[in-house]
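Peer 1: One file: coords29.txt (compact mmCIF, C-alpha atoms and all ligand atoms).
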# COMPACT_ATOMS: atom_id res chain seq x y z
CA MET A 1 0.00 0.00 0.00
CA SER A 2 1.32 3.44 -0.97
CA VAL A 3 2.62 5.59 1.85
CA ASP A 4 0.95 8.60 0.15
CA LEU A 5 -2.41 7.26 1.29
CA TYR A 6 -1.42 7.72 4.90
CA LYS A 7 -2.79 10.90 6.54
CA PRO A 8 -1.35 11.53 10.00
CA GLY A 9 -4.19 12.19 12.42
CA LEU A 10 -6.55 11.00 9.64
CA GLU A 11 -6.70 14.63 8.52
CA GLY A 12 -9.34 15.04 5.83
CA VAL A 13 -10.25 11.33 5.81
CA PRO A 14 -14.02 10.78 6.08
CA ALA A 15 -14.70 8.11 8.71
CA ALA A 16 -18.51 8.11 8.59
CA LYS A 17 -21.63 9.49 6.96
CA SER A 18 -23.37 11.55 9.62
CA SER A 19 -26.37 13.86 9.87
CA ILE A 20 -25.70 15.08 13.42
CA SER A 21 -23.63 18.25 13.04
CA TYR A 22 -22.29 20.38 10.22
CA ILE A 23 -19.19 22.57 10.38
CA ASP A 24 -17.96 25.09 7.84
CA GLY A 25 -14.49 25.85 9.11
CA THR A 26 -13.78 28.71 6.74
CA GLN A 27 -16.96 30.63 7.48
CA GLY A 28 -17.18 29.73 11.16
CA ILE A 29 -20.52 27.91 10.93
CA LEU A 30 -21.66 25.16 13.30
CA GLU A 31 -25.09 23.55 13.04
CA TYR A 32 -26.68 20.77 15.09
CA ARG A 33 -29.10 18.80 12.89
CA GLY A 34 -29.15 21.80 10.56
CA ILE A 35 -29.86 24.47 13.23
CA ARG A 36 -27.22 27.17 13.78
CA ILE A 37 -25.48 27.06 17.15
CA GLU A 38 -26.24 30.77 17.70
CA ASP A 39 -29.98 30.05 17.26
CA LEU A 40 -29.87 27.16 19.75
CA ALA A 41 -27.80 29.15 22.27
CA GLN A 42 -30.37 31.94 22.09
CA ASN A 43 -33.55 29.88 22.19
CA SER A 44 -33.02 26.31 23.36
CA SER A 45 -31.93 24.50 26.52
CA PHE A 46 -29.27 21.82 26.94
CA LEU A 47 -31.77 18.99 27.35
CA GLU A 48 -33.82 20.09 24.37
CA THR A 49 -30.60 20.31 22.33
CA ALA A 50 -29.51 16.87 23.56
CA TYR A 51 -32.86 15.46 22.44
CA LEU A 52 -32.42 17.13 19.04
CA LEU A 53 -28.93 15.67 18.64
CA ILE A 54 -29.85 12.16 19.74
CA TRP A 55 -33.26 11.77 18.09
CA GLY A 56 -32.74 14.11 15.15
CA GLU A 57 -35.76 16.38 15.70
CA LEU A 58 -36.73 19.05 18.21
CA PRO A 59 -39.09 17.51 20.77
CA SER A 60 -42.73 18.55 21.10
CA GLN A 61 -43.69 20.11 24.46
CA THR A 62 -44.94 16.71 25.69
CA GLU A 63 -41.83 14.86 24.50
CA LEU A 64 -39.56 17.41 26.15
CA GLU A 65 -41.47 17.25 29.42
CA ALA A 66 -41.28 13.43 29.44
CA PHE A 67 -37.54 13.54 28.64
CA GLU A 68 -36.83 16.10 31.39
CA HIS A 69 -38.98 14.16 33.83
CA ASP A 70 -37.15 10.88 33.15
CA ILE A 71 -33.76 12.52 33.49
CA ARG A 72 -34.77 14.13 36.78
CA TYR A 73 -35.94 10.72 38.02
CA HIS A 74 -32.62 9.04 37.19
CA ARG A 75 -30.24 11.67 38.57
CA ARG A 76 -29.32 9.78 41.73
CA ILE A 77 -26.37 7.41 41.70
CA LYS A 78 -26.13 4.10 43.56
CA TYR A 79 -24.46 4.24 46.95
CA ARG A 80 -21.95 1.68 45.71
CA ILE A 81 -20.74 4.15 43.07
CA ARG A 82 -20.39 6.80 45.77
CA ASP A 83 -18.53 4.30 47.97
CA MET A 84 -16.28 3.38 45.07
CA MET A 85 -15.46 7.07 44.59
CA LYS A 86 -14.53 7.34 48.27
CA CYS A 87 -11.71 4.89 47.54
CA PHE A 88 -10.29 7.12 44.78
CA PRO A 89 -7.29 9.24 45.81
CA GLU A 90 -8.42 12.83 46.38
CA SER A 91 -5.36 13.99 44.45
CA GLY A 92 -6.52 12.09 41.34
CA HIS A 93 -7.80 14.03 38.34
CA PRO A 94 -11.63 14.29 38.20
CA MET A 95 -11.55 13.11 34.56
CA ASP A 96 -10.00 9.84 35.70
CA ALA A 97 -12.63 9.55 38.42
CA LEU A 98 -15.34 10.20 35.83
CA GLN A 99 -13.96 7.67 33.38
CA ALA A 100 -13.84 4.97 36.07
CA SER A 101 -17.33 5.83 37.35
CA ALA A 102 -18.88 5.92 33.87
CA ALA A 103 -17.41 2.48 33.17
CA ALA A 104 -18.70 1.24 36.55
CA LEU A 105 -22.26 2.19 35.55
CA GLY A 106 -22.05 -0.66 33.06
CA LEU A 107 -21.76 -3.08 35.97
CA PHE A 108 -25.20 -2.07 37.19
CA TYR A 109 -26.99 -1.94 33.85
CA SER A 110 -25.23 -4.74 32.06
CA ARG A 111 -28.09 -6.10 29.94
CA ARG A 112 -27.01 -5.30 26.39
CA ALA A 113 -29.95 -5.09 23.99
CA LEU A 114 -28.79 -2.77 21.27
CA ASP A 115 -31.77 -3.55 19.05
CA ASP A 116 -34.27 -2.61 21.76
CA PRO A 117 -35.36 1.07 21.56
CA ILE A 118 -36.32 1.00 25.26
CA TYR A 119 -32.83 -0.15 26.24
CA ILE A 120 -31.37 2.63 24.05
CA ARG A 121 -33.64 5.29 25.57
CA ASN A 122 -32.92 4.14 29.13
CA ALA A 123 -29.17 4.19 28.51
CA VAL A 124 -29.42 7.73 27.09
CA ILE A 125 -31.47 8.88 30.08
CA ARG A 126 -29.20 7.25 32.65
CA LEU A 127 -26.00 8.60 31.18
CA LEU A 128 -27.29 12.15 30.73
CA ALA A 129 -28.81 12.06 34.22
CA LYS A 130 -25.98 10.45 36.20
CA ILE A 131 -22.78 11.87 34.70
CA PRO A 132 -23.30 15.34 36.28
CA THR A 133 -24.14 13.73 39.63
CA MET A 134 -20.92 11.71 39.46
CA VAL A 135 -18.81 14.79 38.66
CA ALA A 136 -20.35 16.72 41.57
CA ALA A 137 -20.08 13.73 43.93
CA PHE A 138 -16.36 13.29 43.32
CA GLN A 139 -15.79 17.01 43.90
CA LEU A 140 -17.45 16.85 47.34
CA ILE A 141 -15.91 13.51 48.27
CA ARG A 142 -12.38 14.69 47.52
CA LYS A 143 -13.01 17.71 49.78
CA GLY A 144 -13.98 15.26 52.54
CA ASN A 145 -17.73 16.02 52.35
CA ASP A 146 -20.69 13.78 51.66
CA PRO A 147 -22.19 14.16 48.17
CA VAL A 148 -25.35 16.25 47.96
CA GLN A 149 -28.47 14.57 46.59
CA PRO A 150 -29.93 16.06 43.38
CA ARG A 151 -32.90 18.42 43.79
CA ASP A 152 -35.94 17.61 41.69
CA ASP A 153 -37.20 21.18 41.65
CA LEU A 154 -34.07 22.48 39.89
CA SER A 155 -33.29 22.48 36.18
CA TYR A 156 -30.50 20.30 34.79
CA ALA A 157 -27.93 23.13 34.87
CA ALA A 158 -29.07 24.65 38.17
CA ASN A 159 -29.12 21.24 39.86
CA PHE A 160 -25.56 20.50 38.80
CA LEU A 161 -24.28 23.83 40.16
CA TYR A 162 -26.27 23.20 43.35
CA MET A 163 -24.78 19.70 43.82
CA LEU A 164 -21.29 21.05 43.16
CA ARG A 165 -21.35 24.13 45.35
CA GLU A 166 -23.95 23.06 47.91
CA GLN A 167 -25.97 26.20 47.28
CA GLU A 168 -28.67 27.15 44.83
CA PRO A 169 -27.14 29.13 41.96
CA ASP A 170 -28.14 32.57 40.76
CA PRO A 171 -30.55 32.21 37.76
CA LEU A 172 -28.07 34.00 35.46
CA ALA A 173 -25.30 31.57 36.46
CA ALA A 174 -27.60 28.59 35.79
CA HIS A 175 -28.62 30.04 32.42
CA VAL A 176 -25.01 30.73 31.39
CA PHE A 177 -23.98 27.22 32.40
CA ASP A 178 -26.87 25.74 30.42
CA VAL A 179 -25.71 27.65 27.31
CA CYS A 180 -22.13 26.41 27.90
CA LEU A 181 -23.48 22.86 27.89
CA MET A 182 -25.27 23.45 24.57
CA LEU A 183 -22.11 24.89 23.00
CA HIS A 184 -20.04 21.85 24.01
CA ALA A 185 -22.65 19.20 23.25
CA GLU A 186 -21.45 18.10 19.81
CA HIS A 187 -18.74 18.76 17.27
CA SER A 188 -18.73 16.11 14.54
CA ILE A 189 -15.94 13.55 14.52
CA ASN A 190 -13.43 14.99 16.96
CA ALA A 191 -11.01 12.67 18.81
CA SER A 192 -13.33 11.68 21.68
CA THR A 193 -16.32 11.16 19.39
CA PHE A 194 -14.21 9.01 17.11
CA SER A 195 -13.12 7.06 20.16
CA ALA A 196 -16.81 6.61 21.09
CA MET A 197 -17.59 5.46 17.56
CA VAL A 198 -14.75 2.94 17.45
CA THR A 199 -15.88 1.52 20.79
CA SER A 200 -19.55 1.51 19.65
CA SER A 201 -18.61 -0.34 16.47
CA THR A 202 -17.69 -3.43 18.49
CA LEU A 203 -21.30 -3.47 19.80
CA THR A 204 -20.18 -3.16 23.39
CA ASP A 205 -22.38 -1.43 25.96
CA PRO A 206 -22.98 2.35 25.96
CA TYR A 207 -21.28 2.83 29.35
CA ALA A 208 -18.03 1.49 27.86
CA VAL A 209 -18.58 3.81 24.88
CA ILE A 210 -18.87 6.87 27.13
CA ALA A 211 -15.98 5.77 29.37
CA SER A 212 -13.65 5.47 26.38
CA ALA A 213 -14.72 8.87 25.08
CA VAL A 214 -14.14 10.48 28.50
CA GLY A 215 -10.61 9.06 28.52
CA THR A 216 -9.93 10.56 25.11
CA LEU A 217 -11.43 13.95 25.95
CA GLY A 218 -9.04 14.44 28.87
CA GLY A 219 -5.87 15.11 26.85
CA PRO A 220 -4.42 18.64 26.55
CA LEU A 221 -4.85 18.71 22.76
CA HIS A 222 -8.60 18.12 23.16
CA GLY A 223 -10.88 18.93 26.11
CA GLY A 224 -7.99 19.38 28.53
CA ALA A 225 -6.97 22.61 26.76
CA ASN A 226 -9.44 24.77 28.74
CA GLU A 227 -7.56 24.06 31.98
CA GLU A 228 -4.27 24.87 30.31
CA VAL A 229 -5.64 28.19 29.06
CA ILE A 230 -6.14 29.35 32.64
CA GLU A 231 -2.66 28.13 33.63
CA MET A 232 -1.28 30.04 30.65
CA LEU A 233 -3.11 33.27 31.59
CA GLU A 234 -1.81 32.83 35.13
CA GLU A 235 1.72 32.44 33.80
CA ILE A 236 1.39 35.57 31.61
CA GLY A 237 0.19 37.41 34.72
CA ALA A 238 -0.33 40.89 33.21
CA VAL A 239 -1.51 42.44 29.92
CA GLU A 240 1.92 43.92 29.22
CA ASN A 241 3.55 40.46 29.34
CA ALA A 242 1.32 38.97 26.64
CA ALA A 243 3.47 40.02 23.65
CA ALA A 244 6.67 38.60 25.16
CA TYR A 245 4.87 35.37 26.07
CA LEU A 246 3.63 34.97 22.51
CA ASP A 247 7.08 35.75 21.06
CA ASN A 248 8.55 33.04 23.27
CA CYS A 249 5.94 30.49 22.22
CA ILE A 250 6.52 31.23 18.55
CA ARG A 251 10.31 31.10 18.96
CA GLN A 252 10.17 27.83 20.90
CA LYS A 253 7.45 26.41 18.60
CA ARG A 254 5.14 26.00 21.58
CA LYS A 255 1.38 25.84 21.04
CA ILE A 256 -0.70 28.65 22.49
CA MET A 257 -3.51 26.94 24.36
CA GLY A 258 -7.06 27.71 23.27
CA PHE A 259 -5.97 28.56 19.72
CA GLY A 260 -5.97 26.60 16.50
CA HIS A 261 -8.33 23.95 15.24
CA ARG A 262 -8.19 21.11 12.76
CA VAL A 263 -11.41 22.34 11.13
CA TYR A 264 -11.85 26.06 11.88
CA LYS A 265 -9.57 28.44 10.08
CA VAL A 266 -11.42 31.45 11.53
CA LYS A 267 -12.56 32.19 15.09
CA ASP A 268 -14.66 29.32 16.41
CA PRO A 269 -18.31 30.50 16.52
CA ARG A 270 -18.60 29.02 20.02
CA ALA A 271 -15.72 31.21 21.22
CA ASN A 272 -17.72 34.32 20.20
CA ILE A 273 -20.74 33.17 22.23
CA LEU A 274 -18.57 32.20 25.21
CA GLN A 275 -16.83 35.56 25.15
CA ASP A 276 -20.23 37.22 25.25
CA LEU A 277 -21.32 34.98 28.16
CA ALA A 278 -18.09 35.81 30.02
CA GLU A 279 -18.88 39.51 29.62
CA GLN A 280 -22.44 38.98 30.92
CA MET A 281 -21.00 37.22 33.96
CA PHE A 282 -18.46 40.01 34.58
CA ASP A 283 -21.17 42.70 34.29
CA ARG A 284 -23.22 40.93 36.91
CA PHE A 285 -20.64 39.46 39.29
CA GLY A 286 -17.56 41.65 38.73
CA GLY A 287 -14.64 41.38 36.30
CA ASP A 288 -11.73 38.98 36.05
CA ARG A 289 -8.23 40.34 35.54
CA TYR A 290 -7.43 37.36 33.32
CA TYR A 291 -10.02 38.57 30.82
CA GLU A 292 -7.98 41.61 29.80
CA ILE A 293 -4.94 39.39 29.32
CA ALA A 294 -7.03 37.00 27.24
CA VAL A 295 -8.39 39.76 24.98
CA GLU A 296 -4.89 41.17 24.42
CA LEU A 297 -3.47 37.69 23.72
CA GLU A 298 -6.24 36.99 21.23
CA ARG A 299 -5.50 40.28 19.44
CA LEU A 300 -1.80 39.46 19.26
CA VAL A 301 -2.34 35.87 18.08
CA GLU A 302 -4.71 37.04 15.34
CA ASP A 303 -2.13 39.57 14.26
CA ARG A 304 0.82 37.14 14.26
CA LEU A 305 -0.78 33.78 13.41
CA GLY A 306 -4.12 34.69 11.82
CA GLU A 307 -2.73 34.22 8.32
CA LYS A 308 -1.99 30.57 9.24
CA GLY A 309 -5.66 30.17 10.21
CA ILE A 310 -4.95 30.12 13.94
CA TYR A 311 -7.74 31.76 15.92
CA ALA A 312 -9.40 31.31 19.30
CA ASN A 313 -11.21 27.99 19.72
CA VAL A 314 -14.01 26.93 22.10
CA ASP A 315 -11.59 26.40 24.96
CA PHE A 316 -10.20 29.91 25.03
CA TYR A 317 -13.05 31.71 26.81
CA SER A 318 -14.88 28.78 28.43
CA GLY A 319 -12.48 28.65 31.39
CA LEU A 320 -13.07 32.32 32.16
CA VAL A 321 -16.82 31.66 32.33
CA TYR A 322 -16.31 28.61 34.56
CA ARG A 323 -14.01 30.57 36.87
CA LYS A 324 -16.75 33.14 37.37
CA LEU A 325 -19.17 30.29 38.10
CA GLY A 326 -16.81 29.35 40.95
CA ILE A 327 -15.74 26.08 39.38
CA PRO A 328 -12.25 24.73 40.17
CA THR A 329 -9.92 24.56 37.16
CA ASP A 330 -9.55 20.78 37.13
CA LEU A 331 -13.33 20.41 36.75
CA PHE A 332 -13.40 22.31 33.43
CA THR A 333 -12.85 19.19 31.35
CA PRO A 334 -15.45 17.12 33.27
CA LEU A 335 -17.93 19.94 32.49
CA PHE A 336 -17.03 19.53 28.83
CA ALA A 337 -17.72 15.79 29.25
CA ILE A 338 -21.14 16.41 30.85
CA ALA A 339 -22.12 18.31 27.72
CA ARG A 340 -20.42 16.09 25.15
CA VAL A 341 -22.22 12.99 26.45
CA ALA A 342 -25.12 14.21 24.27
CA GLY A 343 -22.99 14.19 21.11
CA TRP A 344 -21.31 10.89 21.98
CA LEU A 345 -24.71 9.26 22.48
CA ALA A 346 -26.00 10.71 19.20
CA HIS A 347 -23.03 9.16 17.38
CA TRP A 348 -23.45 5.89 19.28
CA LYS A 349 -27.07 5.70 18.12
CA GLU A 350 -26.18 6.68 14.56
CA GLN A 351 -23.34 4.14 14.50
CA LEU A 352 -25.70 1.36 15.57
CA ASN A 353 -28.04 2.15 12.65
CA GLU A 354 -25.40 1.31 10.09
CA ASN A 355 -22.64 -0.47 11.94
CA ARG A 356 -19.44 -1.94 10.62
CA ILE A 357 -16.57 -2.55 13.01
CA PHE A 358 -13.73 -0.03 12.62
CA ARG A 359 -10.64 -1.84 11.46
CA PRO A 360 -8.30 0.48 9.57
CA THR A 361 -5.12 -0.66 7.95
CA GLN A 362 -1.50 0.46 8.41
CA ILE A 363 1.63 1.06 6.43
CA TYR A 364 4.10 -1.37 7.94
CA VAL A 365 7.54 0.23 8.27
CA GLY A 366 9.24 -2.31 10.55
CA GLN A 367 11.72 -5.08 9.80
CA ARG A 368 10.81 -8.52 8.43
CA ASP A 369 12.13 -12.05 8.53
CA ARG A 370 14.40 -11.53 11.54
CA VAL A 371 15.94 -14.42 13.38
CA PHE A 372 15.26 -14.79 17.09
CA VAL A 373 18.53 -14.21 19.01
CA PRO A 374 18.77 -16.17 22.26
CA ARG A 375 18.92 -13.97 25.35
CA ASP A 376 22.57 -14.85 26.21
CA LYS A 377 23.69 -13.79 22.71
CA ARG A 378 22.13 -10.27 22.65
N1 LIG B 401 -0.40 27.80 18.75
C1 LIG B 401 0.60 28.00 17.86
N2 LIG B 401 0.69 27.37 16.68
C2 LIG B 401 -0.29 26.51 16.40
C3 LIG B 401 -1.36 26.27 17.26
C4 LIG B 401 -1.39 26.97 18.47
N3 LIG B 401 -2.36 26.78 19.36
N4 LIG B 401 -2.17 25.37 16.71
C5 LIG B 401 -1.64 25.04 15.53
N5 LIG B 401 -0.50 25.73 15.35
C6 LIG B 401 0.40 25.66 14.18
C7 LIG B 401 1.32 24.45 14.31
O1 LIG B 401 2.49 24.77 15.00
C8 LIG B 401 1.53 24.09 12.88
O2 LIG B 401 2.44 25.02 12.32
P1 LIG B 401 3.54 24.55 11.22
O3 LIG B 401 2.70 24.04 10.07
O4 LIG B 401 4.29 25.78 10.94
O5 LIG B 401 4.33 23.46 11.89
C9 LIG B 401 0.17 24.38 12.21
O6 LIG B 401 -0.41 25.41 13.02
C10 LIG B 401 -0.74 23.17 12.19
O7 LIG B 401 -0.84 22.68 13.51
P2 LIG B 401 -1.17 21.18 13.88
O8 LIG B 401 -0.82 20.93 15.30
O9 LIG B 401 -0.58 20.30 12.84
O10 LIG B 401 -2.74 21.22 13.67
P3 LIG B 401 -3.74 20.07 14.06
O11 LIG B 401 -4.90 20.24 13.20
O12 LIG B 401 -3.04 18.75 14.09
O13 LIG B 401 -4.08 20.41 15.58
C11 LIG B 401 -5.00 21.38 17.51
C12 LIG B 401 -5.20 21.08 16.02
C13 LIG B 401 -6.30 21.90 18.09
C14 LIG B 401 -4.63 20.10 18.24
C15 LIG B 401 -3.89 22.44 17.63
O14 LIG B 401 -4.30 23.62 17.03
C16 LIG B 401 -3.48 22.66 19.08
O15 LIG B 401 -2.67 21.90 19.62
N6 LIG B 401 -4.03 23.75 19.72
C17 LIG B 401 -3.73 24.02 21.11
C18 LIG B 401 -4.54 23.11 22.02
C19 LIG B 401 -6.00 23.47 22.01
O16 LIG B 401 -6.38 24.63 22.14
N7 LIG B 401 -6.85 22.45 21.90
C20 LIG B 401 -8.31 22.61 21.90
C21 LIG B 401 -8.89 22.29 20.57
S1 LIG B 401 -10.58 22.80 20.34
C22 LIG B 401 -11.52 21.82 21.39
C23 LIG B 401 -11.28 20.39 21.37
O17 LIG B 401 -11.02 19.78 20.34
O18 LIG B 401 -11.37 19.83 22.45
Any chance you could give the structure as structure tokens?
Peer 2:
Amino acid sequence: MSVDLYKPGLEGVPAAKSSISYIDGTQGILEYRGIRIEDLAQNSSFLETAYLLIWGELPSQTELEAFEHDIRYHRRIKYRIRDMMKCFPESGHPMDALQASAAALGLFYSRRALDDPIYIRNAVIRLLAKIPTMVAAFQLIRKGNDPVQPRDDLSYAANFLYMLREQEPDPLAAHVFDVCLMLHAEHSINASTFSAMVTSSTLTDPYAVIASAVGTLGGPLHGGANEEVIEMLEEIGAVENAAAYLDNCIRQKRKIMGFGHRVYKVKDPRANILQDLAEQMFDRFGGDRYYEIAVELERLVEDRLGEKGIYANVDFYSGLVYRKLGIPTDLFTPLFAIARVAGWLAHWKEQLNENRIFRPTQIYVGQRDRVFVPRDKR
């Protein structure tokens, strides 16, 4: 097989036919099931958007109410999962805790009936309902507290913030968080979604699918970048240091976190919405000195690297919003996971409709026909 066929990172190689999301990376367009992300962010809710992604159509009022009701009903997690989390080291990363807990869900719901629509619906409901509870539970457990039970009277977003911070959130904070979830819910075949699809293609259970995707999302080139953005802004420390920081990165060929994208060659449309949400949060709850550094860095990067198509991506402003929501930095990627579960499940369902196990090929570049040398002769 010709080596020319090989595309590192599978760049530009179609791996599926999909009708879940559409991206135009040169015009900065993102659509879920044909609806622009700006329209959804303005008018929808995370659960309605999740329904749209997974079932392909916006729900009627009755369908949405039933979906929200079922998710509310399944929010609690088994005490054994909580007990398992108590055995995790408190210094461990919450993404690792989430990956292990998501996989453990499969132990409780092990019946695998991928051709049964009720099994599919229940798995969707359980995963969407329980992942936020698991993220919040680990946060409290590692602080030495008991997890807080979900509150049925609160919306999906408000309940998560309540379980995490042990106090009912301000309505603006809950709304902003809900929009963040919508923005992160789906993004075609990125690394974690591909990981979910590969796992799905073996016809394993959906909990294993989500656990493998969570593991993939955690890396700094993917979902983990939002944490690194905050560390970078901390390191820059002041607006006047931004230019020197950027010069250094360019000289040392270091990536600037929160910039660049395999698909977008302009500013990510989600970054625009997140920047706007960050400003709404600052107007209401007071500013963040990192924001000025971020704006200056974005201006400089556009100026120096814009011609290479390197602009702010979704991770650049999301951390600033989360900071204002009072969320610890190492929970930023788990928040991304809470949202992306919707997209992963949509791809899982789509994959099942027309499944063929993923089994790519390789260009072998190693040696052949070697003779085994006995250990005492090496
Ligand atoms: N800072 C500086 N230069 C960059 C950056 C950046 N953030 N991103 C890409 N480049 C340069 C890169 O050095 C290379 O230049 P050259 O051709 O001169 O060697 C060129 O642009 C292509 O880069 P690449 O790494 O080959 O591009 P990719 O499509 O493989 O990677 C990426 C995409 C997102 C992994 C990369 O842009 C990156 O590492 N960005 C920083 C990490 C980050 O913000 N990740 C979040 C991505 S968006 C959300 C998500 O997927 O979770």
Peer 1: Hey, which of A:Arg359, A:Arg378, A:His69, A:His175 ends up closest to A:Ala41? Count only C-alpha atoms.
Peer 2: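 Nearest to A:Ala41: A:His175.
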Peer 1: Neighbouring residues of A:Leu52 were defined as those with any atom within 12 Å, considering all atoms listed in the file; residues of the same chain fewer than 2 positions away were excluded. Please report them as a ChimeraX atom specification.
Peer 2: /A:19-21,31-35,40,44-50,54-60,63-64,67,182,185-186,342-343,345-346
Peer 1: Counting all atoms listed in the file, note down every residue that has an atom within 12 Å of the point (-32.0, 5.8, 30.4) (file coordinates), as a ChimeraX atom specification.
Peer 2: /A:67-75,105,109,117-131,206-207,345
Peer 1: Go through A:Ser91, A:Gln167, A:Ser18, A:Thr361 and flag the residue nearest A:Val148, using all atoms listed in the file for the distances.
Peer 2: A:Gln167
Peer 1: Nearest residue to A:Gly286 out of A:Ile310, A:Ala66, A:Leu5, A:Leu325, using all atoms listed in the file?
Peer 2: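 Looking only at the distances to A:Gly286, the closest residue turns out to be A:Leu325.
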Peer 1: Would you mind listing the residues within 7 Å of ligand LIG 401 (chain B), counting only C-alpha atoms and all ligand atoms, as number ranges by chain?
Peer 2: A: 9, 190, 217, 220-225, 250, 253-262, 308, 310, 313-315
Peer 1: Considering all atoms listed in the file, state which residue in the set A:Ser2, A:Thr26, A:Gln42, A:Asn353 is at the smallest distance from A:Leu203.
Peer 2: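 Selected residue with least distance to A:Leu203: A:Asn353.
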Peer 1: Find the spatial neighbours of A:Gln275, counting all atoms listed in the file, within a cut-off of 9 Å - ignore same-chain residues fewer than 2 positions away - and output them as a ChimeraX atom specification.
Peer 2: /A:270-273,277-280,316-318,320-321
Peer 1: Place a sphere of radius 10 Å on (2.7, -1.7, 5.4) in the file coordinates and name every protein, DNA or RNA residue with an atom inside or on its surface, counting only C-alpha atoms; give the answer as JSON, numbers by chain.
Peer 2: {"A": [1, 2, 3, 361, 362, 363, 364, 365, 366]}
Peer 1: Between A:Ile77, A:Val373, A:Leu164, A:Leu331, which residue has the minimum interatomic distance to A:Glu228, considering only C-alpha atoms?
Peer 2: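 When distances to A:Glu228 are compared using only C-alpha atoms, the smallest one comes from A:Leu331.
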Peer 1: Go through A:Ile37, A:Ala208, A:Leu114, A:Ala191 and flag the residue nearest A:Leu10, using only C-alpha atoms for the distances.
Peer 2: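 Among the listed residues, the smallest separation from A:Leu10 belongs to A:Ala191.
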Peer 1: Tell me, as a ChimeraX atom specification, which residues lie within 12 Å of A:Ala15, counting only C-alpha atoms; anything in the same chain fewer than 3 positions away does not count.
Peer 2: /A:9-12,18,188-191,193-195,197-198,351,356-360
Peer 1: One decimal, in Å: what's the spacing between atom CA of A:Met281 and atom CA of A:Lys324?
Peer 2: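 Value for the atom CA of A:Met281-atom CA of A:Lys324 distance: 6.8 Å.
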Peer 1: One decimal, Å: what's the distance from atom CA of A:His347 over to atom CA of A:Met163, could you say?
Peer 2: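 So the two atoms, atom CA of A:His347 and atom CA of A:Met163, lie 28.5 Å apart.
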Peer 1: Could you work out how far atom CA of A:Arg36 lies from atom CA of A:Glu302, giving the answer in Å with one decimal?
Peer 2: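 Value for the atom CA of A:Glu302-atom CA of A:Arg36 distance: 24.6 Å.
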Peer 1: Emit as AutoDock Vina command-line options the padded axis-aligned box for all listed atoms of stretch 114-129 of chain A, 5 Å per side, with centre and edge lengths in Å to one decimal.
Peer 2:
--center_x -31.2 --center_y 4.3 --center_z 26.6 --size_x 20.3 --size_y 25.7 --size_z 25.2
Peer 1: Would you save stretch 26-47 of chain A to a file, keeping C-alpha atoms, as a compact mmCIF listing (two decimals), in the first residue's frame?
Peer 2:
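Output file decode08.txt follows:
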# COMPACT_ATOMS: atom_id res chain seq x y z
CA THR A 26 -13.78 28.71 6.74
CA GLN A 27 -16.96 30.63 7.48
CA GLY A 28 -17.18 29.73 11.16
CA ILE A 29 -20.52 27.91 10.93
CA LEU A 30 -21.66 25.16 13.30
CA GLU A 31 -25.09 23.55 13.04
CA TYR A 32 -26.68 20.77 15.09
CA ARG A 33 -29.10 18.80 12.89
CA GLY A 34 -29.15 21.80 10.56
CA ILE A 35 -29.86 24.47 13.23
CA ARG A 36 -27.22 27.17 13.78
CA ILE A 37 -25.48 27.06 17.15
CA GLU A 38 -26.24 30.77 17.70
CA ASP A 39 -29.98 30.05 17.26
CA LEU A 40 -29.87 27.16 19.75
CA ALA A 41 -27.80 29.15 22.27
CA GLN A 42 -30.37 31.94 22.09
CA ASN A 43 -33.55 29.88 22.19
CA SER A 44 -33.02 26.31 23.36
CA SER A 45 -31.93 24.50 26.52
CA PHE A 46 -29.27 21.82 26.94
CA LEU A 47 -31.77 18.99 27.35
